[in-house]
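K.L.:
So I've got this file, target.cif, and it contains mmCIF, C-alpha atoms:
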```
data_final
loop_
_atom_site.label_atom_id
_atom_site.label_comp_id
_atom_site.auth_asym_id
_atom_site.auth_seq_id
_atom_site.Cartn_x
_atom_site.Cartn_y
_atom_site.Cartn_z
CA MET A 28 0.00 0.00 0.00
CA ARG A 29 2.82 2.37 0.85
CA ARG A 30 4.53 1.76 -2.49
CA LYS A 31 1.26 2.38 -4.31
CA HIS A 32 0.79 5.61 -2.39
CA GLU A 33 4.34 6.76 -3.21
CA ALA A 34 3.90 5.83 -6.87
CA GLY A 35 0.65 7.80 -7.05
CA TRP A 36 2.34 10.81 -5.44
CA TYR A 37 5.19 10.73 -7.96
CA VAL A 38 2.74 10.46 -10.86
CA ALA A 39 0.76 13.43 -9.54
CA GLN A 40 3.93 15.49 -9.16
CA ALA A 41 5.07 14.58 -12.67
CA LEU A 42 1.68 15.55 -14.13
CA LYS A 43 1.79 18.84 -12.22
CA TYR A 44 5.20 19.76 -13.63
CA VAL A 45 4.20 18.72 -17.14
CA LEU A 46 1.14 20.95 -16.89
CA LEU A 47 3.22 23.86 -15.57
CA VAL A 48 5.73 23.50 -18.41
CA PHE A 49 2.87 23.42 -20.91
CA LEU A 50 1.34 26.58 -19.46
CA ILE A 51 4.73 28.33 -19.45
CA ILE A 52 5.21 27.49 -23.12
CA ILE A 53 1.75 28.84 -23.96
CA VAL A 54 2.50 32.13 -22.20
CA ILE A 55 6.09 32.63 -23.38
CA TYR A 56 5.78 31.39 -26.97
CA PRO A 57 3.92 34.45 -28.40
CA ILE A 58 6.44 36.81 -26.79
CA ALA A 59 9.38 34.76 -28.04
CA TRP A 60 7.86 34.53 -31.52
CA MET A 61 7.36 38.30 -31.56
CA PHE A 62 11.01 38.90 -30.65
CA MET A 63 12.29 36.37 -33.18
CA GLY A 64 10.07 37.89 -35.85
CA SER A 65 11.46 41.36 -35.12
CA ILE A 66 14.99 40.24 -36.01
CA LYS A 67 14.08 38.09 -39.03
CA LEU A 68 14.23 39.13 -42.65
CA GLU A 69 10.90 40.43 -43.96
CA LYS A 70 10.52 37.58 -46.43
CA GLU A 71 11.03 35.00 -43.69
CA ILE A 72 8.28 36.56 -41.58
CA LEU A 73 5.86 36.05 -44.47
CA ARG A 74 7.08 32.52 -45.24
CA PHE A 75 4.47 29.75 -45.26
CA PRO A 76 4.48 27.52 -43.39
CA PRO A 77 5.85 29.89 -40.73
CA THR A 78 9.06 29.00 -38.89
CA PHE A 79 10.18 30.06 -35.43
CA PHE A 80 13.86 30.45 -36.33
CA GLY A 81 15.22 32.32 -39.30
CA SER A 82 18.17 31.65 -41.54
CA LYS A 83 19.56 35.15 -40.97
CA TYR A 84 18.98 37.78 -38.31
CA THR A 85 19.11 41.54 -38.54
CA PHE A 86 18.19 44.58 -36.43
CA LYS A 87 17.07 46.66 -39.42
CA SER A 88 13.46 46.50 -38.19
CA TYR A 89 14.45 48.27 -34.98
CA LYS A 90 16.38 50.88 -36.96
CA ARG A 91 13.36 51.42 -39.21
CA VAL A 92 10.87 51.84 -36.37
CA PHE A 93 13.14 54.39 -34.67
CA THR A 94 13.72 56.37 -37.88
CA GLU A 95 10.23 56.37 -39.40
CA ILE A 96 8.39 57.37 -36.22
CA PRO A 97 9.58 59.40 -33.17
CA MET A 98 9.87 56.31 -30.98
CA LEU A 99 12.05 57.97 -28.36
CA GLN A 100 9.51 60.80 -28.02
CA TYR A 101 6.73 58.24 -27.65
CA LEU A 102 8.75 56.48 -24.98
CA LYS A 103 9.35 59.75 -23.14
CA ASN A 104 5.64 60.64 -23.27
CA THR A 105 4.67 57.21 -22.00
CA VAL A 106 7.12 57.35 -19.10
CA ILE A 107 5.86 60.79 -18.07
CA PHE A 108 2.19 59.89 -18.50
CA ALA A 109 2.32 56.48 -16.86
CA GLY A 110 4.85 57.43 -14.18
CA VAL A 111 3.28 60.68 -12.95
CA THR A 112 -0.23 59.24 -13.16
CA THR A 113 0.83 56.20 -11.16
CA VAL A 114 2.48 58.24 -8.40
CA GLY A 115 -0.46 60.61 -8.15
CA ALA A 116 -3.06 57.85 -8.27
CA VAL A 117 -1.35 55.84 -5.54
CA LEU A 118 -1.15 58.92 -3.30
CA PHE A 119 -4.73 60.09 -3.78
CA ASP A 120 -6.19 56.57 -3.77
CA SER A 121 -4.37 55.90 -0.51
CA MET A 122 -5.62 59.12 1.06
CA ALA A 123 -9.20 58.44 0.00
CA GLY A 124 -8.98 54.80 1.07
CA TYR A 125 -7.66 55.86 4.47
CA ALA A 126 -10.51 58.35 4.89
CA PHE A 127 -13.16 55.75 4.04
CA ALA A 128 -11.56 53.11 6.26
CA ARG A 129 -10.48 55.07 9.37
CA LEU A 130 -12.24 58.44 9.55
CA ARG A 131 -15.79 59.24 10.58
CA PHE A 132 -17.84 61.72 8.59
CA ARG A 133 -21.43 62.07 7.46
CA HIS A 134 -22.72 59.84 4.66
CA LYS A 135 -19.39 58.02 4.44
CA ASN A 136 -20.93 54.71 3.37
CA LEU A 137 -23.19 56.39 0.81
CA ILE A 138 -20.28 58.26 -0.75
CA PHE A 139 -18.21 55.07 -0.85
CA ILE A 140 -21.05 53.22 -2.59
CA LEU A 141 -21.30 56.01 -5.16
CA VAL A 142 -17.54 55.71 -5.76
CA LEU A 143 -17.90 51.96 -6.29
CA LEU A 144 -20.79 52.48 -8.71
CA THR A 145 -18.46 54.38 -11.02
CA MET A 146 -16.56 51.12 -11.54
CA MET A 147 -19.65 49.77 -13.33
CA VAL A 148 -19.68 52.60 -15.89
CA PRO A 149 -17.74 51.67 -19.06
CA PHE A 150 -15.10 54.12 -20.24
CA GLN A 151 -16.90 54.41 -23.59
CA VAL A 152 -19.82 56.07 -21.78
CA VAL A 153 -17.73 58.86 -20.23
CA MET A 154 -15.10 59.31 -22.94
CA ILE A 155 -16.98 62.05 -24.82
CA PRO A 156 -17.80 64.14 -21.71
CA MET A 157 -14.21 63.69 -20.55
CA PHE A 158 -12.88 64.82 -23.94
CA LEU A 159 -15.14 67.88 -23.96
CA GLU A 160 -14.09 68.77 -20.43
CA VAL A 161 -10.39 68.57 -21.26
CA ARG A 162 -10.97 70.51 -24.45
CA TYR A 163 -12.86 73.33 -22.70
CA LEU A 164 -10.03 73.58 -20.19
CA GLY A 165 -7.54 73.94 -23.06
CA LEU A 166 -5.57 70.87 -21.98
CA LEU A 167 -5.63 68.81 -25.18
CA ASP A 168 -2.18 67.74 -26.38
CA THR A 169 -0.66 68.49 -22.98
CA TYR A 170 0.74 66.32 -20.22
CA ALA A 171 -1.78 67.84 -17.79
CA GLY A 172 -4.64 66.78 -20.05
CA LEU A 173 -3.32 63.23 -20.10
CA ILE A 174 -2.54 62.98 -16.41
CA LEU A 175 -5.30 64.81 -14.49
CA PRO A 176 -8.30 62.66 -15.55
CA LYS A 177 -6.34 59.55 -14.57
CA ILE A 178 -4.99 60.83 -11.27
CA THR A 179 -7.29 58.58 -9.22
CA SER A 180 -9.55 55.56 -9.68
CA ALA A 181 -12.45 53.91 -7.89
CA PHE A 182 -10.65 50.56 -7.98
CA GLY A 183 -7.61 52.06 -6.26
CA ILE A 184 -9.73 53.67 -3.55
CA PHE A 185 -11.55 50.40 -2.93
CA MET A 186 -8.31 48.44 -2.84
CA MET A 187 -6.52 50.78 -0.43
CA ARG A 188 -9.57 50.98 1.82
CA SER A 189 -9.42 47.20 2.19
CA TYR A 190 -5.78 47.41 3.30
CA PHE A 191 -6.32 50.27 5.78
CA ALA A 192 -9.40 48.57 7.24
CA GLU A 193 -7.26 45.62 8.36
CA LEU A 194 -4.95 47.70 10.56
CA PRO A 195 -5.66 47.74 14.33
CA LYS A 196 -7.36 50.86 15.68
CA GLU A 197 -4.94 51.01 18.62
CA LEU A 198 -2.24 52.42 16.34
CA GLU A 199 -4.02 55.65 15.47
CA GLU A 200 -5.54 55.98 18.95
CA ALA A 201 -2.08 55.83 20.53
CA ALA A 202 -0.79 58.35 17.98
CA ARG A 203 -3.63 60.77 18.74
CA VAL A 204 -2.95 60.49 22.46
CA ASP A 205 0.68 61.43 21.73
CA GLY A 206 -0.55 64.53 19.89
CA CYS A 207 0.12 63.37 16.34
CA SER A 208 -1.95 65.12 13.66
CA GLU A 209 -4.17 63.24 11.24
CA MET A 210 -1.74 63.85 8.39
CA GLY A 211 1.11 62.67 10.59
CA ILE A 212 -0.78 59.49 11.43
CA PHE A 213 -1.39 58.85 7.75
CA PHE A 214 2.10 59.53 6.42
CA ARG A 215 4.25 58.37 9.34
CA ILE A 216 2.28 55.39 10.68
CA MET A 217 -0.35 54.11 8.26
CA MET A 218 1.37 54.42 4.88
CA PRO A 219 4.45 52.34 5.83
CA LEU A 220 2.16 49.55 7.04
CA VAL A 221 0.31 49.27 3.72
CA ARG A 222 3.41 49.55 1.53
CA PRO A 223 2.81 46.15 -0.16
CA GLY A 224 -0.68 47.26 -1.14
CA MET A 225 0.62 50.57 -2.47
CA LEU A 226 3.27 48.82 -4.55
CA THR A 227 0.67 46.42 -5.92
CA LEU A 228 -1.62 49.30 -6.82
CA ALA A 229 1.29 51.16 -8.41
CA ILE A 230 2.06 48.18 -10.63
CA PHE A 231 -1.55 47.89 -11.76
CA HIS A 232 -1.80 51.61 -12.50
CA LEU A 233 1.50 51.59 -14.36
CA MET A 234 0.52 48.60 -16.48
CA ASN A 235 -2.91 49.97 -17.35
CA ASN A 236 -1.62 53.43 -18.22
CA TRP A 237 1.39 52.10 -20.12
CA ASN A 238 -0.77 49.85 -22.30
CA ASP A 239 -3.71 52.24 -22.64
CA LEU A 240 -4.54 52.91 -26.28
CA LEU A 241 -7.95 54.57 -26.55
CA TYR A 242 -7.50 57.25 -23.89
CA PRO A 243 -4.15 58.71 -25.13
CA LEU A 244 -5.39 58.42 -28.72
CA MET A 245 -8.45 60.48 -27.78
CA MET A 246 -6.58 63.16 -25.80
CA THR A 247 -3.78 63.79 -28.30
CA SER A 248 -3.77 64.85 -31.93
CA ASP A 249 -0.17 66.07 -32.15
CA SER A 250 2.24 63.26 -33.01
CA LYS A 251 4.75 64.71 -30.53
CA MET A 252 2.35 63.93 -27.67
CA ARG A 253 1.56 60.33 -28.62
CA THR A 254 2.31 57.49 -26.26
CA LEU A 255 3.87 54.20 -27.34
CA SER A 256 0.60 52.33 -27.79
CA ALA A 257 -1.11 55.16 -29.66
CA GLY A 258 1.92 55.94 -31.82
CA LEU A 259 2.51 52.30 -32.71
CA ALA A 260 -1.18 51.83 -33.56
CA LEU A 261 -1.03 54.76 -35.98
CA PHE A 262 2.19 53.40 -37.47
CA VAL A 263 0.53 50.04 -38.08
CA GLY A 264 -2.53 51.77 -39.56
CA GLU A 265 -0.46 53.89 -41.93
CA HIS A 266 1.59 51.00 -43.27
CA GLY A 267 -1.18 48.42 -43.26
CA THR A 268 0.31 45.02 -43.97
CA LEU A 269 3.77 46.41 -44.78
CA HIS A 270 6.83 46.31 -42.56
CA TYR A 271 5.81 43.43 -40.32
CA GLY A 272 9.29 43.37 -38.83
CA ALA A 273 9.12 47.02 -37.81
CA GLN A 274 5.70 46.47 -36.27
CA LEU A 275 7.00 43.55 -34.25
CA ALA A 276 10.06 45.56 -33.22
CA GLY A 277 7.82 48.37 -32.02
CA ALA A 278 5.76 45.90 -30.02
CA VAL A 279 8.91 44.51 -28.40
CA VAL A 280 10.06 48.02 -27.42
CA THR A 281 6.61 48.70 -25.96
CA ILE A 282 6.35 45.63 -23.74
CA LEU A 283 10.01 45.30 -22.73
CA PRO A 284 9.85 47.77 -19.80
CA LEU A 285 6.80 45.99 -18.40
CA LEU A 286 8.52 42.61 -18.66
CA VAL A 287 11.49 43.96 -16.71
CA LEU A 288 9.14 45.48 -14.15
CA TYR A 289 7.22 42.25 -13.73
CA THR A 290 10.44 40.29 -13.27
CA PHE A 291 11.40 42.38 -10.24
CA PHE A 292 7.93 42.84 -8.71
CA GLN A 293 6.14 39.60 -9.55
CA LYS A 294 5.57 38.71 -5.88
CA TYR A 295 3.30 41.74 -5.52
CA PHE A 296 1.16 40.51 -8.42
CA VAL A 297 0.69 37.22 -6.59
CA SER A 298 -0.10 38.91 -3.27
CA SER A 299 -2.59 41.24 -4.94
CA ALA A 300 -4.48 38.33 -6.48
CA VAL A 301 -4.93 36.90 -2.98
CA SER A 302 -5.59 40.01 -0.95
CA SER A 303 -6.94 42.88 -3.03
CA GLY A 304 -10.68 43.17 -3.17
CA VAL A 305 -11.41 40.53 -0.55
CA LYS A 306 -10.60 42.39 2.66
CA GLY A 307 -12.85 44.53 4.75
#
```
Starting from the file, lay out its structure as structure tokens.
P.N.:
Amino acid sequence: MRRKHEAGWYVAQALKYVLLVFLIIIVIYPIAWMFMGSIKLEKEILRFPPTFFGSKYTFKSYKRVFTEIPMLQYLKNTVIFAGVTTVGAVLFDSMAGYAFARLRFRHKNLIFILVLLTMMVPFQVVMIPMFLEVRYLGLLDTYAGLILPKITSAFGIFMMRSYFAELPKELEEAARVDGCSEMGIFFRIMMPLVRPGMLTLAIFHLMNNWNDLLYPLMMTSDSKMRTLSAGLALFVGEHGTLHYGAQLAGAVVTILPLLVLYTFFQKYFVSSAVSSGVKG
């Protein structure tokens, strides 16, 4: 019986690892194929049946995508847009989440419910009013016009509220007895305790803003203000089915920073899947 039990355990472990390897291949293969396609000759990309490896490799596609479109300017715009928006959103989402979780004020629950209801409204419903608002303020084709409407989110407020709600009340009570102000309690005591949640939220905001296509495309008409996703989409639209290698090279440049980011902060993705949205 013991040998049968050990044999069954080894079979289960082997099946688990086979399944994991299969899933890894499914996830990595499209990215690897995109990179290999970006350094292939154009004729080998269009070869049928398609092949993963090429007979000759070149970086002309990367040179083409950096010469035909202002890729460095797109990268700069994306870093500014995604970076500043992420920092601001994490700060304001944390402050709002702290207020809803720890402070007492009239109609707090009603206001929080109204904030959550905005999560059910698709972006396509509010995109025209948002565009008109930014236009009337004279902020089209500016960094302020890109950043301000994205400076906070209902999801971030909900997520940070769940983290702050888990902290013991004795912490802030002891700080108030010692004469600490509310802002001091928030910045010096509460924020360091929810740092994992803030990093998780920052990663989500950065990913969403970095990959956002429709919003930057709507808020910018000047090519000098395009982000990577919007600029690459226009490049693909202009050239149609031409320059597949350059399109793949542009896609590699777009996703490479996020891959590096995920490599260093992947544990926060895992923790967020377990904790965010299920507390409090």
K.L.:
Specify as a CSV table (one decimal) with C-alpha atoms, in the coordinates of the input each residue included when the PyMOL selection byres ((chain A and resi 180) around 9) is applied to this file.
P.N.:
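Printed below is result.csv as written:
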```
chain,number,residue,atom,x,y,z
A,116,ALA,CA,-3.1,57.8,-8.3
A,119,PHE,CA,-4.7,60.1,-3.8
A,120,ASP,CA,-6.2,56.6,-3.8
A,142,VAL,CA,-17.5,55.7,-5.8
A,146,MET,CA,-16.6,51.1,-11.5
A,177,LYS,CA,-6.3,59.6,-14.6
A,178,ILE,CA,-5.0,60.8,-11.3
A,179,THR,CA,-7.3,58.6,-9.2
A,181,ALA,CA,-12.4,53.9,-7.9
A,182,PHE,CA,-10.6,50.6,-8.0
A,183,GLY,CA,-7.6,52.1,-6.3
A,184,ILE,CA,-9.7,53.7,-3.6
A,185,PHE,CA,-11.6,50.4,-2.9
```
K.L.:
Figure out the distance between atom CA of Arg215 of chain A and atom CA of Ala201 of chain A, please, to one decimal in Å.
P.N.:
13.1 Å
K.L.:
From the set A:Ala128, A:Leu241, A:Gly258, A:Ile55, which residue has the shortest atom-to-atom contact distance to Ala278 of chain A, counting only C-alpha atoms?
P.N.:
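Residue with the minimum atom-to-atom distance to Ala278 of chain A: A:Gly258.
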K.L.:
Could you list the residues chosen by the PyMOL selection byres ((chain A and resi 112) around 12) in this structure as a PyMOL selection string?
P.N.:
chain A and resi 104-111+113-120+170-180+228-237
K.L.:
Could you write out the selected residues, including C-alpha atoms, as a PDB file, in the frame of the given file?
P.N.:
```pdb
ATOM      1  CA  ASN A 104       5.640  60.640 -23.270  1.00  0.00           C
ATOM      2  CA  THR A 105       4.670  57.210 -22.000  1.00  0.00           C
ATOM      3  CA  VAL A 106       7.120  57.350 -19.100  1.00  0.00           C
ATOM      4  CA  ILE A 107       5.860  60.790 -18.070  1.00  0.00           C
ATOM      5  CA  PHE A 108       2.190  59.890 -18.500  1.00  0.00           C
ATOM      6  CA  ALA A 109       2.320  56.480 -16.860  1.00  0.00           C
ATOM      7  CA  GLY A 110       4.850  57.430 -14.180  1.00  0.00           C
ATOM      8  CA  VAL A 111       3.280  60.680 -12.950  1.00  0.00           C
ATOM      9  CA  THR A 113       0.830  56.200 -11.160  1.00  0.00           C
ATOM     10  CA  VAL A 114       2.480  58.240  -8.400  1.00  0.00           C
ATOM     11  CA  GLY A 115      -0.460  60.610  -8.150  1.00  0.00           C
ATOM     12  CA  ALA A 116      -3.060  57.850  -8.270  1.00  0.00           C
ATOM     13  CA  VAL A 117      -1.350  55.840  -5.540  1.00  0.00           C
ATOM     14  CA  LEU A 118      -1.150  58.920  -3.300  1.00  0.00           C
ATOM     15  CA  PHE A 119      -4.730  60.090  -3.780  1.00  0.00           C
ATOM     16  CA  ASP A 120      -6.190  56.570  -3.770  1.00  0.00           C
ATOM     17  CA  TYR A 170       0.740  66.320 -20.220  1.00  0.00           C
ATOM     18  CA  ALA A 171      -1.780  67.840 -17.790  1.00  0.00           C
ATOM     19  CA  GLY A 172      -4.640  66.780 -20.050  1.00  0.00           C
ATOM     20  CA  LEU A 173      -3.320  63.230 -20.100  1.00  0.00           C
ATOM     21  CA  ILE A 174      -2.540  62.980 -16.410  1.00  0.00           C
ATOM     22  CA  LEU A 175      -5.300  64.810 -14.490  1.00  0.00           C
ATOM     23  CA  PRO A 176      -8.300  62.660 -15.550  1.00  0.00           C
ATOM     24  CA  LYS A 177      -6.340  59.550 -14.570  1.00  0.00           C
ATOM     25  CA  ILE A 178      -4.990  60.830 -11.270  1.00  0.00           C
ATOM     26  CA  THR A 179      -7.290  58.580  -9.220  1.00  0.00           C
ATOM     27  CA  SER A 180      -9.550  55.560  -9.680  1.00  0.00           C
ATOM     28  CA  LEU A 228      -1.620  49.300  -6.820  1.00  0.00           C
ATOM     29  CA  ALA A 229       1.290  51.160  -8.410  1.00  0.00           C
ATOM     30  CA  ILE A 230       2.060  48.180 -10.630  1.00  0.00           C
ATOM     31  CA  PHE A 231      -1.550  47.890 -11.760  1.00  0.00           C
ATOM     32  CA  HIS A 232      -1.800  51.610 -12.500  1.00  0.00           C
ATOM     33  CA  LEU A 233       1.500  51.590 -14.360  1.00  0.00           C
ATOM     34  CA  MET A 234       0.520  48.600 -16.480  1.00  0.00           C
ATOM     35  CA  ASN A 235      -2.910  49.970 -17.350  1.00  0.00           C
ATOM     36  CA  ASN A 236      -1.620  53.430 -18.220  1.00  0.00           C
ATOM     37  CA  TRP A 237       1.390  52.100 -20.120  1.00  0.00           C
TER      38      TRP A 237
END
```
K.L.:
Taking only C-alpha atoms into account, which of A:Pro243, A:Gly272, A:Gln293, A:Phe139 comes nearest Met154 of chain A?
P.N.:
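The answer is A:Pro243, which sits nearest to Met154 of chain A.
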K.L.:
Ranking A:Gln151, A:Glu199, A:Val45, A:Ala59 by minimum distance to Leu283 of chain A and counting only C-alpha atoms, which one comes first?
P.N.:
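Looking only at the distances to Leu283 of chain A, the closest residue turns out to be A:Ala59.
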K.L.:
Of the candidates A:Ala126, A:Ala273, A:Ile138, A:Leu73, which shows the shortest atom-to-atom distance to Lys90 of chain A, using all atoms listed in the file?
P.N.:
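Between A:Ala126, A:Ala273, A:Ile138, A:Leu73, the residue approaching Lys90 of chain A most closely is A:Ala273.
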K.L.:
If you measure from atom CA of Arg222 of chain A to atom CA of Pro195 of chain A, what distance in Å do you get, rounded to one decimal?
P.N.:
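It comes out at 15.8 Å.
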K.L.:
Using all atoms listed in the file, pick whichever of A:Leu143, A:Leu46, A:Met246, A:Val280 has the shortest atom-to-atom distance to Tyr89 of chain A.
P.N.:
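When distances to Tyr89 of chain A are compared using all atoms listed in the file, the smallest one comes from A:Val280.
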K.L.:
Could you tell me how far atom CA of Gly211 of chain A lies from atom CA of Asn136 of chain A, in Å and to one decimal?
P.N.:
24.5 Å
